[in-house]
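Input: a single structure, listed below in C-alpha cells.
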Amino acid sequence: MGLQPAKKGEPPFEHPIELQVAAPMNIGPNFFVARADSRLRKVSDLRGRRVAVGLKSNGMTQHAEAVFAALGIASDDLERVYVDFAGGADMLAAREVDAQFQCPIPNRVMSDLAERIRVRVLSYDPPHLDAALKSIPHDRPIVMRKGSFRGVDEDVPQLGVVNLLVTHAHIDSDTVRHIVRAIVSAAIELGRLDPLFAGLTGLFDALKSGSRAALEIDGVEFHAGAVRAYAEAGLLK
C-alpha cells in the first residue's frame, strides 16, 4: 500500500493522518507463487485462475490490485480469495487456489511453504514489469536471487516495494532524530542480524547520492528530525 490512503483518510483509514517519513527500511519483492507442477509461469497467466491475494483490508491486497491494473487484468478476469498469508499458503498446498500473492522475503510462511511443496515464482514479461513500475509509485525493480528459498532456481526480476518507517508530523523533532540516528548507525548490524535489512545501507547511500525524492513517496516528506539526523550523518546536504 502507498501512503496516499492514510494521507487522504481513504479506506481502511477513517480520517487523514499527517504522515512524514522517518527512514527507509528495505526494498523487498512482493511476488506471486504457484505450485511447480502447475501450468502457471507468468503473472499474466493468472487470468481465469483462483488467487489468494491477502486480507481484504490489507495493504498487500491493494498492492496486488495495483499490479493487476498495470497488467490490464480486470476485476472479473480472475477470482480473488481474501485470506491471510498462512491461510493462503495452506490453500495453495491443498490445491484450493492456483496461486498466492506473497509478502517480501525472508518470511517464515513462504519458507515453510517451499519446504512443504515444490513452488514456482511467477515472472513478468518485460513490458508488463515496466508498466507496473511506471504505474506503482512505491515499487522499484529488484531481483529475487537464485536460492532465496527452495524452488527459486534462477534469478527472477520482480517488483520490489519500498518499506518505510513513518511517523506523525507532530512527533517531537529530537525524538525522531534520535531514532533515525540509531537506525543509521546500526544499519550494517541490522543487515547482519536479519536478512530483511540487508539492503538498508544501500538505501542510505541513495540518500547521499541525491535520491531523497525517490523515498518521499506519494508526496510524504521526511520529518524535520530525520532530515537533521541524515545531515549529521553526512547523508544529506
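Following the order of the C-alpha cells, first chain is A, next is B, and so on, with residues numbered from 1 inside each chain and ligands from 1 in the order they appear.
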For A:Ile73, list every protein, DNA or RNA residue within 12 Å, evaluated using only C-alpha atoms, and leave out those in the same chain fewer than 6 positions away; present the list as a list of chain:residue names.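 Here the answer would be A:Val43, A:Ser44, A:Asp45, A:Leu46, A:Arg47, A:Gly48, A:Arg49, A:Ala64, A:Glu65, A:Ala66, A:Val67, A:Glu79, A:Arg80, A:His128, A:Ala132.
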Excluding A:Ala187 and its own-chain neighbours fewer than 6 positions away, which residues fall within 12 Å of it when counting only C-alpha atoms? Please give them as a PyMOL selection string. chain A and resi 23-26+180-181+193-205
Measuring between only C-alpha atoms, which one of A:Ile188, A:Val33, A:Val227, A:Ala70 shows the shortest distance to A:Leu113?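 Of the candidates, the smallest distance to A:Leu113 is held by A:Val33.
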Atom-to-atom span, atom CA of A:Leu133 and atom CA of A:Lys8, Å: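 Interatomic distance, atom CA of A:Leu133 to atom CA of A:Lys8: 22.7 Å.
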Nearest residue to A:Arg116 out of A:Pro12, A:Gly160, A:Gly151, A:Pro137, using only C-alpha atoms?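 Under the stated criterion, the closest residue is A:Gly151.
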From a backbone DSSP assignment, name each residue in stretch 22-172 of chain A labelled strand (DSSP E or B), as a PyMOL selection string. chain A and resi 22-35+42+50-52+79-81+99-102+119-121+123+139-144+156-168
Could you take the residues named above and write them with N, CA and C atoms, as a CSV table (one decimal), in the first residue's frame?
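Listed below is the output, part26.csv:
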```csv
chain,number,residue,atom,x,y,z
A,22,ALA,N,10.3,8.8,8.3
A,22,ALA,CA,11.5,8.8,9.2
A,22,ALA,C,12.7,8.1,8.6
A,23,ALA,N,12.5,6.9,8.0
A,23,ALA,CA,13.6,6.2,7.4
A,23,ALA,C,13.1,5.1,6.5
A,24,PRO,N,13.9,4.9,5.4
A,24,PRO,CA,13.6,3.7,4.6
A,24,PRO,C,14.1,2.5,5.3
A,25,MET,N,13.5,1.4,5.2
A,25,MET,CA,13.9,0.2,5.9
A,25,MET,C,14.4,-1.0,5.0
A,26,ASN,N,13.7,-1.2,3.9
A,26,ASN,CA,14.1,-2.2,2.9
A,26,ASN,C,13.4,-2.1,1.6
A,27,ILE,N,13.9,-2.8,0.6
A,27,ILE,CA,13.1,-3.0,-0.6
A,27,ILE,C,13.0,-4.5,-0.7
A,28,GLY,N,11.7,-5.0,-0.7
A,28,GLY,CA,11.5,-6.4,-0.7
A,28,GLY,C,10.6,-6.8,-1.8
A,29,PRO,N,10.8,-7.9,-2.5
A,29,PRO,CA,9.9,-8.3,-3.5
A,29,PRO,C,8.5,-8.8,-3.0
A,30,ASN,N,7.5,-8.3,-3.6
A,30,ASN,CA,6.1,-8.8,-3.4
A,30,ASN,C,5.9,-9.7,-4.7
A,31,PHE,N,5.5,-10.9,-4.5
A,31,PHE,CA,5.5,-11.8,-5.7
A,31,PHE,C,4.4,-12.8,-5.7
A,32,PHE,N,4.1,-13.3,-6.8
A,32,PHE,CA,3.1,-14.4,-6.9
A,32,PHE,C,3.8,-15.7,-7.0
A,33,VAL,N,3.3,-16.7,-6.3
A,33,VAL,CA,3.9,-18.0,-6.3
A,33,VAL,C,2.8,-19.0,-6.6
A,34,ALA,N,3.2,-20.1,-7.3
A,34,ALA,CA,2.3,-21.1,-7.7
A,34,ALA,C,3.0,-22.5,-7.4
A,35,ARG,N,2.2,-23.5,-7.5
A,35,ARG,CA,2.8,-24.9,-7.4
A,35,ARG,C,3.7,-25.1,-8.7
A,42,LYS,N,3.9,-17.1,-15.7
A,42,LYS,CA,4.0,-15.7,-15.6
A,42,LYS,C,2.8,-15.1,-14.9
A,50,ARG,N,-7.8,-18.8,-9.7
A,50,ARG,CA,-8.2,-18.5,-8.3
A,50,ARG,C,-6.9,-18.1,-7.5
A,51,VAL,N,-6.9,-16.9,-7.0
A,51,VAL,CA,-5.7,-16.4,-6.4
A,51,VAL,C,-5.9,-15.9,-5.0
A,52,ALA,N,-5.1,-16.3,-4.1
A,52,ALA,CA,-5.1,-15.8,-2.7
A,52,ALA,C,-4.3,-14.5,-2.7
A,79,GLU,N,-10.5,-14.9,-10.0
A,79,GLU,CA,-11.2,-15.0,-8.7
A,79,GLU,C,-10.2,-14.7,-7.6
A,80,ARG,N,-10.6,-13.6,-6.8
A,80,ARG,CA,-9.8,-13.3,-5.7
A,80,ARG,C,-10.2,-14.0,-4.4
A,81,VAL,N,-9.3,-14.5,-3.7
A,81,VAL,CA,-9.6,-15.2,-2.4
A,81,VAL,C,-8.9,-14.4,-1.3
A,99,ALA,N,-2.7,-19.8,-7.1
A,99,ALA,CA,-1.5,-19.0,-6.9
A,99,ALA,C,-1.8,-18.2,-5.6
A,100,GLN,N,-0.7,-17.7,-5.1
A,100,GLN,CA,-0.8,-16.8,-3.9
A,100,GLN,C,0.1,-15.6,-4.1
A,101,PHE,N,-0.4,-14.4,-3.6
A,101,PHE,CA,0.5,-13.2,-3.5
A,101,PHE,C,1.2,-13.2,-2.2
A,102,GLN,N,2.5,-13.2,-2.3
A,102,GLN,CA,3.3,-13.3,-1.1
A,102,GLN,C,4.0,-12.0,-0.7
A,119,VAL,N,7.5,-25.2,-5.4
A,119,VAL,CA,6.8,-23.9,-5.8
A,119,VAL,C,7.6,-23.3,-7.0
A,120,ARG,N,6.9,-22.4,-7.6
A,120,ARG,CA,7.5,-21.6,-8.7
A,120,ARG,C,7.1,-20.1,-8.5
A,121,VAL,N,8.0,-19.3,-8.6
A,121,VAL,CA,7.8,-17.8,-8.6
A,121,VAL,C,7.4,-17.4,-10.0
A,123,SER,N,7.0,-15.0,-13.1
A,123,SER,CA,7.8,-13.9,-13.7
A,123,SER,C,6.9,-13.0,-14.4
A,139,ASP,N,7.0,1.2,-6.0
A,139,ASP,CA,7.7,0.0,-6.4
A,139,ASP,C,9.0,0.3,-7.1
A,140,ARG,N,10.0,-0.6,-7.0
A,140,ARG,CA,11.3,-0.4,-7.6
A,140,ARG,C,11.7,-1.8,-8.2
A,141,PRO,N,12.5,-1.8,-9.2
A,141,PRO,CA,13.0,-3.1,-9.8
A,141,PRO,C,13.9,-3.8,-8.8
A,142,ILE,N,13.7,-5.1,-8.6
A,142,ILE,CA,14.5,-5.8,-7.7
A,142,ILE,C,14.7,-7.2,-8.3
A,143,VAL,N,15.7,-7.9,-8.0
A,143,VAL,CA,15.9,-9.3,-8.5
A,143,VAL,C,15.8,-10.3,-7.3
A,144,MET,N,14.9,-11.2,-7.4
A,144,MET,CA,14.8,-12.3,-6.4
A,144,MET,C,16.0,-13.3,-6.8
A,156,VAL,N,15.2,-14.0,-10.6
A,156,VAL,CA,13.9,-13.6,-11.2
A,156,VAL,C,13.6,-12.1,-11.0
A,157,PRO,N,13.6,-11.3,-12.0
A,157,PRO,CA,13.3,-9.9,-11.9
A,157,PRO,C,11.8,-9.8,-11.3
A,158,GLN,N,11.7,-8.9,-10.3
A,158,GLN,CA,10.4,-8.8,-9.7
A,158,GLN,C,10.1,-7.3,-9.3
A,159,LEU,N,8.9,-7.0,-8.8
A,159,LEU,CA,8.6,-5.7,-8.3
A,159,LEU,C,9.0,-5.7,-6.8
A,160,GLY,N,9.8,-4.7,-6.4
A,160,GLY,CA,10.2,-4.5,-5.0
A,160,GLY,C,9.5,-3.3,-4.4
A,161,VAL,N,8.9,-3.5,-3.3
A,161,VAL,CA,8.2,-2.4,-2.6
A,161,VAL,C,9.1,-1.8,-1.6
A,162,VAL,N,9.2,-0.4,-1.6
A,162,VAL,CA,10.0,0.3,-0.6
A,162,VAL,C,9.2,0.4,0.7
A,163,ASN,N,9.7,-0.2,1.7
A,163,ASN,CA,9.1,-0.2,3.0
A,163,ASN,C,9.7,0.9,3.9
A,164,LEU,N,8.9,1.7,4.4
A,164,LEU,CA,9.3,2.9,5.1
A,164,LEU,C,8.9,2.9,6.6
A,165,LEU,N,9.7,3.5,7.5
A,165,LEU,CA,9.3,3.8,8.8
A,165,LEU,C,8.8,5.2,8.8
A,166,VAL,N,7.5,5.3,9.1
A,166,VAL,CA,6.9,6.7,9.0
A,166,VAL,C,6.4,7.1,10.4
A,167,THR,N,6.2,8.4,10.6
A,167,THR,CA,5.9,9.0,11.9
A,167,THR,C,4.8,10.1,11.6
A,168,HIS,N,4.3,10.6,12.7
A,168,HIS,CA,3.3,11.7,12.6
A,168,HIS,C,4.1,13.0,12.6
```
Looking at only C-alpha atoms, which of A:His138, A:Phe68, A:Ala229, A:Ala74 is the one that sits closest to A:Ser173?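 Under the stated criterion, the closest residue is A:Ala229.
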All helix (DSSP H, G or I) residues (DSSP, backbone) inside stretch 148-190 of chain A, as a PyMOL selection string: chain A and resi 173-185+187-190
Keeping only C-alpha atoms, take the residues you just selected and write them out as a PDB file, in the first residue's frame.
```
ATOM      1  CA  SER A 173      11.866  16.509  16.240  1.00  0.00           C
ATOM      2  CA  ASP A 174      14.511  15.360  18.717  1.00  0.00           C
ATOM      3  CA  THR A 175      12.705  12.054  19.249  1.00  0.00           C
ATOM      4  CA  VAL A 176      12.679  11.302  15.519  1.00  0.00           C
ATOM      5  CA  ARG A 177      16.286  12.459  15.207  1.00  0.00           C
ATOM      6  CA  HIS A 178      17.472  10.026  17.897  1.00  0.00           C
ATOM      7  CA  ILE A 179      15.533   7.114  16.364  1.00  0.00           C
ATOM      8  CA  VAL A 180      16.886   7.770  12.887  1.00  0.00           C
ATOM      9  CA  ARG A 181      20.439   8.216  14.180  1.00  0.00           C
ATOM     10  CA  ALA A 182      20.184   4.820  15.885  1.00  0.00           C
ATOM     11  CA  ILE A 183      18.958   3.160  12.672  1.00  0.00           C
ATOM     12  CA  VAL A 184      21.695   4.756  10.553  1.00  0.00           C
ATOM     13  CA  SER A 185      24.457   3.827  12.984  1.00  0.00           C
ATOM     14  CA  ALA A 187      22.367  -0.304   9.597  1.00  0.00           C
ATOM     15  CA  ILE A 188      25.169  -2.799   8.954  1.00  0.00           C
ATOM     16  CA  GLU A 189      24.427  -4.717  12.153  1.00  0.00           C
ATOM     17  CA  LEU A 190      20.713  -4.835  11.365  1.00  0.00           C
TER      18      LEU A 190
END
```
So how many Å separate atom CA of A:Glu18 and atom CA of A:Gly54, to one decimal? 26.7 Å
Would you mind telling me which residue in A:Leu3, A:Arg118, A:Ala131, A:His63 lies nearest to A:Asp153 when using only C-alpha atoms?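 Closest candidate: A:Arg118.
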Please indicate the distance in Å from atom CA of A:Gly234 to atom CA of A:Asp172, rounded to one decimal place. 21.8 Å
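Distances to A:His223 were evaluated for A:Val21, A:Ala89, A:Leu40, A:Val152 using only C-alpha atoms, and the minimum falls at A:Val21.
With only C-alpha atoms as the basis for measurement, A:Ala86 is the residue among A:Ala169, A:Ala36, A:Ala69, A:Ala86 that approaches A:Leu55 most closely.
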